[in-house]
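Structure file final_33.cif with mmCIF, C-alpha atoms:
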data_my_file
loop_
_atom_site.label_atom_id
_atom_site.label_comp_id
_atom_site.auth_asym_id
_atom_site.auth_seq_id
_atom_site.Cartn_x
_atom_site.Cartn_y
_atom_site.Cartn_z
CA MET A 1 -4.68 -2.30 -35.68
CA ALA A 2 -3.70 -1.83 -32.03
CA LYS A 3 -4.59 1.85 -32.27
CA ASP A 4 -8.11 1.03 -33.43
CA THR A 5 -8.78 -1.24 -30.43
CA ALA A 6 -7.35 1.33 -28.01
CA LYS A 7 -9.76 3.95 -29.32
CA ALA A 8 -12.70 1.61 -29.02
CA VAL A 9 -11.91 0.79 -25.37
CA LYS A 10 -11.78 4.43 -24.22
CA LYS A 11 -14.86 5.62 -22.42
CA PRO A 12 -16.07 9.20 -22.37
CA ALA A 13 -15.09 11.18 -19.29
CA LYS A 14 -17.82 11.69 -16.73
CA ASN A 15 -18.52 14.96 -15.00
CA LYS A 16 -16.65 14.15 -11.77
CA ASP A 17 -17.63 17.34 -9.94
CA LYS A 18 -21.34 16.55 -9.99
CA ASP A 19 -20.78 12.92 -9.00
CA LYS A 20 -18.42 13.94 -6.23
CA LYS A 21 -20.81 16.49 -4.72
CA LYS A 22 -23.71 14.06 -4.75
CA SER A 23 -21.81 11.14 -3.32
CA ASN A 24 -19.93 12.85 -0.46
CA GLY A 25 -22.88 12.48 1.91
CA LYS A 26 -23.38 8.87 0.89
CA LYS A 27 -19.68 8.13 1.31
CA PHE A 28 -19.73 9.73 4.76
CA THR A 29 -22.67 7.65 5.99
CA GLN A 30 -21.30 4.49 4.36
CA PHE A 31 -17.99 5.01 6.16
CA PHE A 32 -19.69 5.07 9.55
CA LYS A 33 -21.84 2.05 8.71
CA ASP A 34 -18.71 0.13 7.76
CA LEU A 35 -16.92 1.37 10.87
CA ARG A 36 -19.76 0.17 13.09
CA SER A 37 -19.82 -3.27 11.49
CA GLU A 38 -16.03 -3.64 11.85
CA ILE A 39 -16.10 -2.59 15.51
CA LYS A 40 -18.67 -5.32 16.17
CA LYS A 41 -16.18 -7.88 14.82
CA VAL A 42 -13.43 -6.90 17.28
CA VAL A 43 -12.73 -9.38 20.05
CA TRP A 44 -12.04 -7.24 23.11
CA PRO A 45 -9.75 -8.65 25.83
CA SER A 46 -11.10 -9.38 29.30
CA LYS A 47 -9.99 -7.47 32.38
CA LYS A 48 -7.89 -10.44 33.45
CA GLN A 49 -6.05 -10.49 30.11
CA ILE A 50 -5.44 -6.74 30.32
CA LYS A 51 -4.00 -7.08 33.83
CA ASN A 52 -1.77 -10.01 32.81
CA ASN A 53 -0.49 -8.24 29.70
CA THR A 54 0.19 -5.06 31.68
CA LEU A 55 2.17 -7.00 34.27
CA VAL A 56 4.20 -8.73 31.57
CA VAL A 57 5.05 -5.38 29.96
CA LEU A 58 5.98 -3.78 33.30
CA GLY A 59 8.12 -6.79 34.22
CA PHE A 60 9.92 -6.71 30.89
CA MET A 61 10.53 -2.98 31.29
CA ALA A 62 12.01 -3.55 34.77
CA VAL A 63 14.34 -6.30 33.52
CA THR A 64 15.44 -4.13 30.61
CA ALA A 65 16.05 -1.15 32.91
CA VAL A 66 18.22 -3.25 35.23
CA PHE A 67 20.17 -4.63 32.25
CA ILE A 68 20.82 -1.13 30.91
CA TRP A 69 21.82 0.09 34.40
CA ILE A 70 24.34 -2.75 34.69
CA LEU A 71 25.79 -1.99 31.25
CA ASP A 72 26.04 1.69 32.15
CA PHE A 73 27.81 0.87 35.40
CA VAL A 74 30.28 -1.46 33.68
CA PHE A 75 31.10 0.97 30.87
CA THR A 76 31.42 3.90 33.28
CA THR A 77 33.82 1.89 35.44
CA LEU A 78 35.87 0.88 32.39
CA MET A 79 36.05 4.47 31.15
CA ASN A 80 37.22 5.68 34.57
CA LEU A 81 39.93 3.00 34.61
CA VAL A 82 41.10 3.83 31.08
CA LEU A 83 41.02 7.62 31.42
CA GLY A 84 42.44 7.69 34.83
#
Before anything else, please render the file you have as structure tokens.
Amino acid sequence: MAKDTAKAVKKPAKNKDKDKKKSNGKKFTQFFKDLRSEIKKVVWPSKKQIKNNTLVVLGFMAVTAVFIWILDFVFTTLMNLVLG
């Protein structure tokens, strides 16, 4: 009984090559239409926000660099004491 319903549900295979060749141009144009509509939805940051975010990143990088420099100095000093 299950085999009979499985056969009834199957659909005949379509000729994919013809459909693919015809729809490539449509897919290409549809992609760019969708891309354009999505770009319109993006909320771009203001120049002030960009400057603030850049300063925050640069500040964080400076603090991290100093922290790593201190760790390097401490470990180098300890290694010199241990090894002689």
Item to complete: Quote the spacing between atom CA of A:Lys27 and atom CA of A:Lys40 in Å to one decimal place.
Response: 20.1 Å
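Atom pair atom CA of A:Phe60 / atom CA of A:Val42 has a distance of 27.0 Å (rounded to one decimal).
Atom CA of A:Phe75 lies 28.6 Å from atom CA of A:Val56.
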